[in-house]
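Data block for structure.txt (compact mmCIF, C-alpha atoms):
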```txt
# COMPACT_ATOMS: atom_id res chain seq x y z
CA MET A 1 -2.16 41.97 22.96
CA ALA A 2 -5.07 39.89 24.27
CA GLN A 3 -7.45 41.54 21.81
CA ARG A 4 -5.03 40.94 18.94
CA ALA A 5 -4.70 37.27 19.93
CA GLU A 6 -8.49 36.91 20.00
CA GLU A 7 -8.72 38.41 16.51
CA TYR A 8 -6.02 36.11 15.13
CA LEU A 9 -7.51 33.03 16.83
CA ALA A 10 -11.13 33.80 15.88
CA PRO A 11 -12.75 31.16 13.64
CA ASP A 12 -12.13 33.38 10.60
CA GLY A 13 -8.80 34.78 11.87
CA PRO A 14 -5.57 34.35 9.90
CA LEU A 15 -3.81 32.10 12.42
CA THR A 16 -6.82 29.80 12.78
CA LYS A 17 -7.12 29.53 9.01
CA ALA A 18 -3.40 28.80 8.63
CA LEU A 19 -3.37 26.12 11.32
CA ALA A 20 -6.66 24.46 10.38
CA ALA A 21 -6.13 24.28 6.59
CA PRO A 22 -8.51 25.93 4.12
CA THR A 23 -11.31 23.43 4.76
CA GLY A 24 -11.00 23.67 8.54
CA ASN A 25 -10.54 19.90 8.74
CA LEU A 26 -7.20 19.91 10.54
CA SER A 27 -7.84 21.37 13.96
CA VAL A 28 -5.83 20.20 16.98
CA GLU A 29 -8.99 18.74 18.50
CA ASP A 30 -9.80 16.73 15.36
CA ASP A 31 -8.77 13.06 15.24
CA LEU A 32 -8.00 13.43 11.52
CA LEU A 33 -4.84 15.35 12.42
CA HIS A 34 -3.58 12.27 14.28
CA SER A 35 -4.45 9.74 11.55
CA ARG A 36 -1.97 7.66 9.55
CA GLU A 37 -3.36 9.21 6.37
CA VAL A 38 -2.46 12.76 7.44
CA HIS A 39 0.91 11.66 8.83
CA GLY A 40 1.71 9.94 5.53
CA ALA A 41 0.49 12.76 3.27
CA GLU A 42 2.79 15.36 1.78
CA MET A 43 1.42 18.74 2.80
CA PRO A 44 3.99 21.51 2.34
CA ALA A 45 4.31 23.89 5.30
CA PHE A 46 2.09 21.77 7.50
CA ASN A 47 2.83 18.21 8.50
CA GLY A 48 6.54 17.83 9.02
CA ILE A 49 6.47 15.13 11.69
CA GLY A 50 9.61 13.87 13.40
CA ASP A 51 11.49 13.44 16.62
CA ALA A 52 13.99 15.89 18.13
CA ARG A 53 17.05 13.85 17.11
CA SER A 54 15.92 13.71 13.49
CA LEU A 55 15.22 17.44 13.42
CA ALA A 56 18.64 18.21 14.89
CA ARG A 57 20.34 15.92 12.36
CA MET A 58 18.43 17.49 9.48
CA TYR A 59 19.51 20.99 10.56
CA ALA A 60 23.08 19.78 11.12
CA ALA A 61 23.03 18.47 7.54
CA CYS A 62 21.96 21.94 6.38
CA ILE A 63 25.09 23.58 7.80
CA GLY A 64 27.63 20.75 7.47
CA GLY A 65 27.83 17.08 6.83
CA VAL A 66 26.30 14.36 8.98
CA VAL A 67 27.04 10.67 8.76
CA THR A 68 23.96 8.67 7.84
CA ASP A 69 23.06 5.28 9.30
CA SER A 70 24.60 3.70 6.19
CA GLY A 71 27.89 5.50 6.83
CA GLU A 72 27.61 8.05 4.01
CA LYS A 73 28.16 11.75 4.58
CA LEU A 74 25.09 13.85 3.79
CA ARG A 75 24.93 17.62 3.34
CA LEU A 76 21.58 19.16 2.40
CA LEU A 77 22.62 22.76 1.60
CA ASP A 78 25.83 23.74 -0.13
CA GLU A 79 27.39 27.11 0.78
CA ARG A 80 25.47 29.00 -1.92
CA GLN A 81 22.15 27.48 -0.86
CA LEU A 82 22.93 28.15 2.80
CA GLU A 83 23.59 31.82 2.04
CA ALA A 84 20.28 32.01 0.15
CA ALA A 85 18.48 30.41 3.10
CA VAL A 86 19.87 32.90 5.64
CA THR A 87 19.37 36.00 3.49
CA GLN A 88 16.38 37.97 4.76
CA ARG A 89 13.49 37.92 2.25
CA THR A 90 10.68 39.48 4.31
CA GLU A 91 10.14 42.74 6.13
CA GLY A 92 7.67 43.98 8.71
CA PRO A 93 5.15 42.15 10.89
CA ASP A 94 4.07 38.61 10.02
CA LEU A 95 0.44 38.84 8.91
CA VAL A 96 -0.37 35.32 10.13
CA LEU A 97 1.70 34.97 13.30
CA LEU A 98 -0.01 37.60 15.45
CA GLY A 99 1.71 40.47 13.66
CA LEU A 100 5.02 39.58 15.31
CA ASP A 101 8.33 40.76 13.86
CA ILE A 102 9.40 37.36 12.48
CA GLN A 103 11.57 37.51 9.39
CA PHE A 104 12.18 34.75 6.85
CA GLY A 105 14.90 33.62 4.49
CA LEU A 106 14.12 30.94 1.91
CA GLY A 107 12.00 28.55 3.97
CA TYR A 108 13.40 29.41 7.38
CA MET A 109 12.79 31.86 10.18
CA LEU A 110 15.84 34.03 10.72
CA ASN A 111 17.53 35.34 13.83
CA ARG A 112 16.03 38.80 13.35
CA GLY A 113 13.37 40.86 15.07
CA ILE A 114 11.63 39.14 17.98
CA LEU A 115 13.72 35.99 17.61
CA ALA A 116 17.00 37.91 17.86
CA ALA A 117 15.62 39.58 20.97
CA ALA A 118 15.13 36.08 22.41
CA GLY A 119 18.83 35.38 21.90
CA LEU A 120 18.65 32.66 19.28
CA GLY A 121 22.29 32.62 18.28
CA GLY A 122 24.42 34.41 15.77
CA PRO A 123 23.45 36.58 12.82
CA ARG A 124 23.25 33.62 10.40
CA ALA A 125 21.24 31.35 12.72
CA PHE A 126 18.02 30.02 11.22
CA GLY A 127 15.28 27.50 11.90
CA HIS A 128 11.57 27.06 12.19
CA PHE A 129 9.00 26.57 14.89
CA GLY A 130 6.14 24.16 14.50
CA MET A 131 2.58 23.80 15.60
CA GLY A 132 2.30 23.67 19.34
CA GLY A 133 5.75 24.98 20.26
CA SER A 134 8.21 22.51 18.72
CA GLY A 135 11.20 23.87 16.88
CA ALA A 136 14.55 23.25 15.28
CA TRP A 137 17.44 25.63 14.77
CA ALA A 138 20.93 25.79 13.28
CA ASP A 139 23.77 28.27 13.63
CA PRO A 140 26.41 27.69 10.93
CA ASP A 141 28.94 29.99 12.62
CA ALA A 142 28.70 28.15 15.95
CA GLU A 143 28.42 24.76 14.18
CA LEU A 144 25.37 24.05 16.32
CA ALA A 145 22.03 22.44 15.44
CA MET A 146 19.20 21.34 17.69
CA GLY A 147 15.66 20.06 17.63
CA TYR A 148 12.94 20.18 20.26
CA VAL A 149 9.58 18.44 20.43
CA MET A 150 7.29 17.84 23.34
CA ASN A 151 4.69 15.26 24.21
CA ARG A 152 1.95 17.82 24.82
CA MET A 153 0.85 20.44 22.31
CA ASP A 154 0.82 24.07 23.40
CA ILE A 155 -0.76 27.11 21.77
CA GLY A 156 2.72 28.42 20.94
CA THR A 157 3.49 29.51 17.39
CA THR A 158 7.01 30.82 18.03
CA GLY A 159 8.44 28.02 20.08
CA ASP A 160 8.05 26.73 23.59
CA ARG A 161 9.70 28.49 26.56
CA ARG A 162 11.62 25.27 27.29
CA LEU A 163 13.08 25.38 23.77
CA TYR A 164 14.52 28.83 24.40
CA SER A 165 16.02 27.66 27.71
CA LEU A 166 17.64 24.65 26.04
CA MET A 167 19.00 26.77 23.20
CA LYS A 168 20.47 29.25 25.67
CA ALA A 169 22.09 26.36 27.59
CA CYS A 170 23.62 25.05 24.34
CA TYR A 171 25.16 28.43 23.53
CA ASP A 172 26.31 28.91 27.13
CA SER A 173 28.10 25.55 26.98
CA LEU A 174 30.17 26.75 23.99
CA GLY A 175 31.99 29.11 26.32
```
In structure tokens, what does this structure look like?
Amino acid sequence: MAQRAEEYLAPDGPLTKALAAPTGNLSVEDDLLHSREVHGAEMPAFNGIGDARSLARMYAACIGGVVTDSGEKLRLLDERQLEAAVTQRTEGPDLVLLGLDIQFGLGYMLNRGILAAAGLGGPRAFGHFGMGGSGAWADPDAELAMGYVMNRMDIGTTGDRRLYSLMKACYDSLG
């Protein structure tokens, strides 16, 4: 596994390329990543920046309605869209994420393969992990959504160990 990680994290490795952008200008060590310009830019699949509460509310709005600050009820995915999001669209090892068995629906990681082995909820649970170990997750059958961010980046690409512990505690509290 150590050799595989070195290959993926090499300067020309797939994970390094994915995390640093094609030009290599967005490395964790680079101040550009922390600039207002990058935070304000729209870069699909890269710079979703938010706090844990906002992530949890966004995922809750994917599986049911949430009341906005203005008092309106917001639902992001209707039942048909939710089913499309949780339907597995990939198969086999992820060619960017260290060859791990991570499966995707439309835009979301699914509770399959390595993530199911980690105990991330029911069969229709879905979410996504972010750069450095952050993550957000929803389980429509359990009516549960959560978000996790930390104040220190980690090398993690499939969530932080603390995220898994918190998710397990949430499910354990359901009885």
Within 12 Å of (21.6, 27.7, 0.9), in the coordinates the file gives, what residues turn up when you count all atoms listed in the file, written out as an mmCIF file with C-alpha atoms, keeping the file's coordinate frame?
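Output (selection08.cif):
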```cif
data_model
loop_
_atom_site.group_PDB
_atom_site.id
_atom_site.type_symbol
_atom_site.label_atom_id
_atom_site.label_comp_id
_atom_site.auth_asym_id
_atom_site.auth_seq_id
_atom_site.Cartn_x
_atom_site.Cartn_y
_atom_site.Cartn_z
ATOM 1 C CA TYR A 59 19.510 20.990 10.560
ATOM 2 C CA ALA A 61 23.030 18.470 7.540
ATOM 3 C CA CYS A 62 21.960 21.940 6.380
ATOM 4 C CA ILE A 63 25.090 23.580 7.800
ATOM 5 C CA GLY A 64 27.630 20.750 7.470
ATOM 6 C CA ARG A 75 24.930 17.620 3.340
ATOM 7 C CA LEU A 76 21.580 19.160 2.400
ATOM 8 C CA LEU A 77 22.620 22.760 1.600
ATOM 9 C CA ASP A 78 25.830 23.740 -0.130
ATOM 10 C CA GLU A 79 27.390 27.110 0.780
ATOM 11 C CA ARG A 80 25.470 29.000 -1.920
ATOM 12 C CA GLN A 81 22.150 27.480 -0.860
ATOM 13 C CA LEU A 82 22.930 28.150 2.800
ATOM 14 C CA GLU A 83 23.590 31.820 2.040
ATOM 15 C CA ALA A 84 20.280 32.010 0.150
ATOM 16 C CA ALA A 85 18.480 30.410 3.100
ATOM 17 C CA VAL A 86 19.870 32.900 5.640
ATOM 18 C CA THR A 87 19.370 36.000 3.490
ATOM 19 C CA GLY A 105 14.900 33.620 4.490
ATOM 20 C CA LEU A 106 14.120 30.940 1.910
ATOM 21 C CA GLY A 107 12.000 28.550 3.970
ATOM 22 C CA TYR A 108 13.400 29.410 7.380
ATOM 23 C CA ARG A 124 23.250 33.620 10.400
ATOM 24 C CA PHE A 126 18.020 30.020 11.220
ATOM 25 C CA PRO A 140 26.410 27.690 10.930
#
```
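For the residues A:Met150, A:Val67, A:Ala145, A:Ala125, ranking by smallest atom-to-atom distance to Gly50 (chain A) using only C-alpha atoms places A:Met150 first.
Ranking A:Glu42, A:Asp94, A:Asp101, A:Glu37 by their shortest atom-to-atom distance to Ala116 (chain A), with all atoms listed in the file included, puts A:Asp101 first.
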So that I can see what lies close to Asp51 (chain A), please list as a ChimeraX atom specification the residues with an atom at most 10 Å from it, counting all atoms listed in the file and leaving out residues fewer than 6 positions away in the same chain. /A:134,147-150
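Here the question is which of A:Met58, A:Val38, A:Met43, A:Leu115 gets nearest to Leu144 (chain A) using all atoms listed in the file, and that residue is A:Met58.
For the pair CA of Ala60 (chain A) and CA of Trp137 (chain A), the interatomic distance is 8.9 Å.
Going from CA of Ala41 (chain A) over to CA of Gly130 (chain A), you cover 17.0 Å.
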Pairwise distance for CA of Ile102 (chain A) and CA of Asn151 (chain A), rounded to one decimal in Å: 25.5 Å
Starting from the structure just given, write a file holding region 57-103 of chain A with N, CA and C atoms, as a PDB file, in the first residue's frame.
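Output contents, as saved in selection-v2.pdb:
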```pdb
ATOM      1  N   ARG A  57     -27.075  20.869   6.397  1.00  0.00           N
ATOM      2  CA  ARG A  57     -28.360  21.403   5.909  1.00  0.00           C
ATOM      3  C   ARG A  57     -28.535  21.151   4.419  1.00  0.00           C
ATOM      4  N   MET A  58     -27.450  21.274   3.656  1.00  0.00           N
ATOM      5  CA  MET A  58     -27.535  21.012   2.225  1.00  0.00           C
ATOM      6  C   MET A  58     -27.910  19.545   1.977  1.00  0.00           C
ATOM      7  N   TYR A  59     -27.266  18.628   2.702  1.00  0.00           N
ATOM      8  CA  TYR A  59     -27.592  17.208   2.528  1.00  0.00           C
ATOM      9  C   TYR A  59     -28.991  16.890   3.056  1.00  0.00           C
ATOM     10  N   ALA A  60     -29.402  17.542   4.119  1.00  0.00           N
ATOM     11  CA  ALA A  60     -30.772  17.353   4.609  1.00  0.00           C
ATOM     12  C   ALA A  60     -31.771  17.811   3.552  1.00  0.00           C
ATOM     13  N   ALA A  61     -31.457  18.885   2.843  1.00  0.00           N
ATOM     14  CA  ALA A  61     -32.336  19.381   1.783  1.00  0.00           C
ATOM     15  C   ALA A  61     -32.344  18.450   0.573  1.00  0.00           C
ATOM     16  N   CYS A  62     -31.345  17.603   0.447  1.00  0.00           N
ATOM     17  CA  CYS A  62     -31.330  16.616  -0.639  1.00  0.00           C
ATOM     18  C   CYS A  62     -32.307  15.478  -0.369  1.00  0.00           C
ATOM     19  N   ILE A  63     -32.535  15.154   0.896  1.00  0.00           N
ATOM     20  CA  ILE A  63     -33.369  13.991   1.226  1.00  0.00           C
ATOM     21  C   ILE A  63     -34.733  14.367   1.790  1.00  0.00           C
ATOM     22  N   GLY A  64     -34.941  15.627   2.083  1.00  0.00           N
ATOM     23  CA  GLY A  64     -36.206  16.112   2.631  1.00  0.00           C
ATOM     24  C   GLY A  64     -36.169  17.620   2.624  1.00  0.00           C
ATOM     25  N   GLY A  65     -37.142  18.224   3.190  1.00  0.00           N
ATOM     26  CA  GLY A  65     -37.171  19.674   3.209  1.00  0.00           C
ATOM     27  C   GLY A  65     -36.494  20.248   4.435  1.00  0.00           C
ATOM     28  N   VAL A  66     -35.863  21.390   4.263  1.00  0.00           N
ATOM     29  CA  VAL A  66     -35.326  22.150   5.396  1.00  0.00           C
ATOM     30  C   VAL A  66     -35.935  23.550   5.336  1.00  0.00           C
ATOM     31  N   VAL A  67     -36.085  24.150   6.479  1.00  0.00           N
ATOM     32  CA  VAL A  67     -36.617  25.506   6.544  1.00  0.00           C
ATOM     33  C   VAL A  67     -35.447  26.470   6.431  1.00  0.00           C
ATOM     34  N   THR A  68     -35.533  27.373   5.465  1.00  0.00           N
ATOM     35  CA  THR A  68     -34.474  28.350   5.245  1.00  0.00           C
ATOM     36  C   THR A  68     -34.564  29.453   6.289  1.00  0.00           C
ATOM     37  N   ASP A  69     -33.572  30.323   6.308  1.00  0.00           N
ATOM     38  CA  ASP A  69     -33.567  31.452   7.240  1.00  0.00           C
ATOM     39  C   ASP A  69     -34.756  32.388   6.995  1.00  0.00           C
ATOM     40  N   SER A  70     -35.265  32.391   5.759  1.00  0.00           N
ATOM     41  CA  SER A  70     -36.423  33.249   5.453  1.00  0.00           C
ATOM     42  C   SER A  70     -37.749  32.545   5.732  1.00  0.00           C
ATOM     43  N   GLY A  71     -37.687  31.315   6.250  1.00  0.00           N
ATOM     44  CA  GLY A  71     -38.899  30.598   6.627  1.00  0.00           C
ATOM     45  C   GLY A  71     -39.499  29.726   5.531  1.00  0.00           C
ATOM     46  N   GLU A  72     -38.882  29.701   4.361  1.00  0.00           N
ATOM     47  CA  GLU A  72     -39.389  28.870   3.268  1.00  0.00           C
ATOM     48  C   GLU A  72     -38.838  27.450   3.401  1.00  0.00           C
ATOM     49  N   LYS A  73     -39.598  26.493   2.877  1.00  0.00           N
ATOM     50  CA  LYS A  73     -39.135  25.118   2.875  1.00  0.00           C
ATOM     51  C   LYS A  73     -38.395  24.860   1.563  1.00  0.00           C
ATOM     52  N   LEU A  74     -37.202  24.303   1.671  1.00  0.00           N
ATOM     53  CA  LEU A  74     -36.355  24.056   0.505  1.00  0.00           C
ATOM     54  C   LEU A  74     -36.050  22.575   0.405  1.00  0.00           C
ATOM     55  N   ARG A  75     -36.260  22.017  -0.774  1.00  0.00           N
ATOM     56  CA  ARG A  75     -35.851  20.631  -1.059  1.00  0.00           C
ATOM     57  C   ARG A  75     -35.057  20.677  -2.352  1.00  0.00           C
ATOM     58  N   LEU A  76     -33.828  20.129  -2.335  1.00  0.00           N
ATOM     59  CA  LEU A  76     -32.960  20.196  -3.504  1.00  0.00           C
ATOM     60  C   LEU A  76     -33.183  19.069  -4.501  1.00  0.00           C
ATOM     61  N   LEU A  77     -33.491  17.867  -4.024  1.00  0.00           N
ATOM     62  CA  LEU A  77     -33.706  16.719  -4.915  1.00  0.00           C
ATOM     63  C   LEU A  77     -35.105  16.167  -4.700  1.00  0.00           C
ATOM     64  N   ASP A  78     -35.871  16.046  -5.789  1.00  0.00           N
ATOM     65  CA  ASP A  78     -37.153  15.374  -5.648  1.00  0.00           C
ATOM     66  C   ASP A  78     -36.883  13.860  -5.615  1.00  0.00           C
ATOM     67  N   GLU A  79     -37.921  13.061  -5.439  1.00  0.00           N
ATOM     68  CA  GLU A  79     -37.724  11.609  -5.292  1.00  0.00           C
ATOM     69  C   GLU A  79     -37.039  10.985  -6.504  1.00  0.00           C
ATOM     70  N   ARG A  80     -37.387  11.420  -7.690  1.00  0.00           N
ATOM     71  CA  ARG A  80     -36.782  10.880  -8.914  1.00  0.00           C
ATOM     72  C   ARG A  80     -35.299  11.236  -8.976  1.00  0.00           C
ATOM     73  N   GLN A  81     -34.972  12.482  -8.660  1.00  0.00           N
ATOM     74  CA  GLN A  81     -33.571  12.907  -8.659  1.00  0.00           C
ATOM     75  C   GLN A  81     -32.774  12.198  -7.572  1.00  0.00           C
ATOM     76  N   LEU A  82     -33.397  11.999  -6.410  1.00  0.00           N
ATOM     77  CA  LEU A  82     -32.727  11.282  -5.323  1.00  0.00           C
ATOM     78  C   LEU A  82     -32.406   9.856  -5.758  1.00  0.00           C
ATOM     79  N   GLU A  83     -33.355   9.184  -6.389  1.00  0.00           N
ATOM     80  CA  GLU A  83     -33.098   7.818  -6.858  1.00  0.00           C
ATOM     81  C   GLU A  83     -31.965   7.792  -7.874  1.00  0.00           C
ATOM     82  N   ALA A  84     -31.914   8.786  -8.753  1.00  0.00           N
ATOM     83  CA  ALA A  84     -30.819   8.864  -9.724  1.00  0.00           C
ATOM     84  C   ALA A  84     -29.479   9.087  -9.030  1.00  0.00           C
ATOM     85  N   ALA A  85     -29.492   9.880  -7.972  1.00  0.00           N
ATOM     86  CA  ALA A  85     -28.250  10.176  -7.244  1.00  0.00           C
ATOM     87  C   ALA A  85     -27.710   8.958  -6.506  1.00  0.00           C
ATOM     88  N   VAL A  86     -28.589   8.089  -6.025  1.00  0.00           N
ATOM     89  CA  VAL A  86     -28.143   6.935  -5.230  1.00  0.00           C
ATOM     90  C   VAL A  86     -28.041   5.651  -6.049  1.00  0.00           C
ATOM     91  N   THR A  87     -28.271   5.747  -7.354  1.00  0.00           N
ATOM     92  CA  THR A  87     -28.099   4.590  -8.235  1.00  0.00           C
ATOM     93  C   THR A  87     -26.636   4.499  -8.654  1.00  0.00           C
ATOM     94  N   GLN A  88     -26.019   3.370  -8.412  1.00  0.00           N
ATOM     95  CA  GLN A  88     -24.595   3.186  -8.700  1.00  0.00           C
ATOM     96  C   GLN A  88     -24.314   3.340 -10.192  1.00  0.00           C
ATOM     97  N   ARG A  89     -23.337   4.198 -10.520  1.00  0.00           N
ATOM     98  CA  ARG A  89     -22.976   4.483 -11.918  1.00  0.00           C
ATOM     99  C   ARG A  89     -21.558   4.039 -12.263  1.00  0.00           C
ATOM    100  N   THR A  90     -20.769   3.658 -11.262  1.00  0.00           N
ATOM    101  CA  THR A  90     -19.388   3.253 -11.511  1.00  0.00           C
ATOM    102  C   THR A  90     -19.180   1.833 -11.031  1.00  0.00           C
ATOM    103  N   GLU A  91     -18.034   1.277 -11.409  1.00  0.00           N
ATOM    104  CA  GLU A  91     -17.707  -0.087 -11.020  1.00  0.00           C
ATOM    105  C   GLU A  91     -16.196  -0.225 -10.978  1.00  0.00           C
ATOM    106  N   GLY A  92     -15.707  -0.967 -10.013  1.00  0.00           N
ATOM    107  CA  GLY A  92     -14.268  -1.218  -9.934  1.00  0.00           C
ATOM    108  C   GLY A  92     -13.523  -0.157  -9.147  1.00  0.00           C
ATOM    109  N   PRO A  93     -12.189  -0.272  -9.116  1.00  0.00           N
ATOM    110  CA  PRO A  93     -11.383   0.659  -8.319  1.00  0.00           C
ATOM    111  C   PRO A  93     -11.389   2.070  -8.901  1.00  0.00           C
ATOM    112  N   ASP A  94     -11.333   3.057  -8.011  1.00  0.00           N
ATOM    113  CA  ASP A  94     -11.259   4.454  -8.418  1.00  0.00           C
ATOM    114  C   ASP A  94      -9.844   4.739  -8.893  1.00  0.00           C
ATOM    115  N   LEU A  95      -9.691   5.178 -10.137  1.00  0.00           N
ATOM    116  CA  LEU A  95      -8.373   5.367 -10.727  1.00  0.00           C
ATOM    117  C   LEU A  95      -7.626   6.568 -10.165  1.00  0.00           C
ATOM    118  N   VAL A  96      -8.319   7.474  -9.477  1.00  0.00           N
ATOM    119  CA  VAL A  96      -7.662   8.637  -8.884  1.00  0.00           C
ATOM    120  C   VAL A  96      -7.434   8.430  -7.394  1.00  0.00           C
ATOM    121  N   LEU A  97      -8.415   7.898  -6.692  1.00  0.00           N
ATOM    122  CA  LEU A  97      -8.335   7.768  -5.235  1.00  0.00           C
ATOM    123  C   LEU A  97      -7.676   6.447  -4.815  1.00  0.00           C
ATOM    124  N   LEU A  98      -6.411   6.336  -5.129  1.00  0.00           N
ATOM    125  CA  LEU A  98      -5.556   5.230  -4.682  1.00  0.00           C
ATOM    126  C   LEU A  98      -6.067   3.851  -5.072  1.00  0.00           C
ATOM    127  N   GLY A  99      -6.881   3.772  -6.104  1.00  0.00           N
ATOM    128  CA  GLY A  99      -7.405   2.487  -6.539  1.00  0.00           C
ATOM    129  C   GLY A  99      -8.397   1.867  -5.566  1.00  0.00           C
ATOM    130  N   LEU A 100      -8.947   2.678  -4.659  1.00  0.00           N
ATOM    131  CA  LEU A 100      -9.887   2.165  -3.660  1.00  0.00           C
ATOM    132  C   LEU A 100     -11.235   1.843  -4.299  1.00  0.00           C
ATOM    133  N   ASP A 101     -11.967   0.937  -3.685  1.00  0.00           N
ATOM    134  CA  ASP A 101     -13.288   0.551  -4.165  1.00  0.00           C
ATOM    135  C   ASP A 101     -14.306   1.578  -3.662  1.00  0.00           C
ATOM    136  N   ILE A 102     -14.359   2.722  -4.352  1.00  0.00           N
ATOM    137  CA  ILE A 102     -15.298   3.799  -4.028  1.00  0.00           C
ATOM    138  C   ILE A 102     -16.213   3.946  -5.226  1.00  0.00           C
ATOM    139  N   GLN A 103     -17.504   3.769  -4.998  1.00  0.00           N
ATOM    140  CA  GLN A 103     -18.471   3.798  -6.089  1.00  0.00           C
ATOM    141  C   GLN A 103     -19.293   5.087  -6.036  1.00  0.00           C
TER     142      GLN A 103
END
```
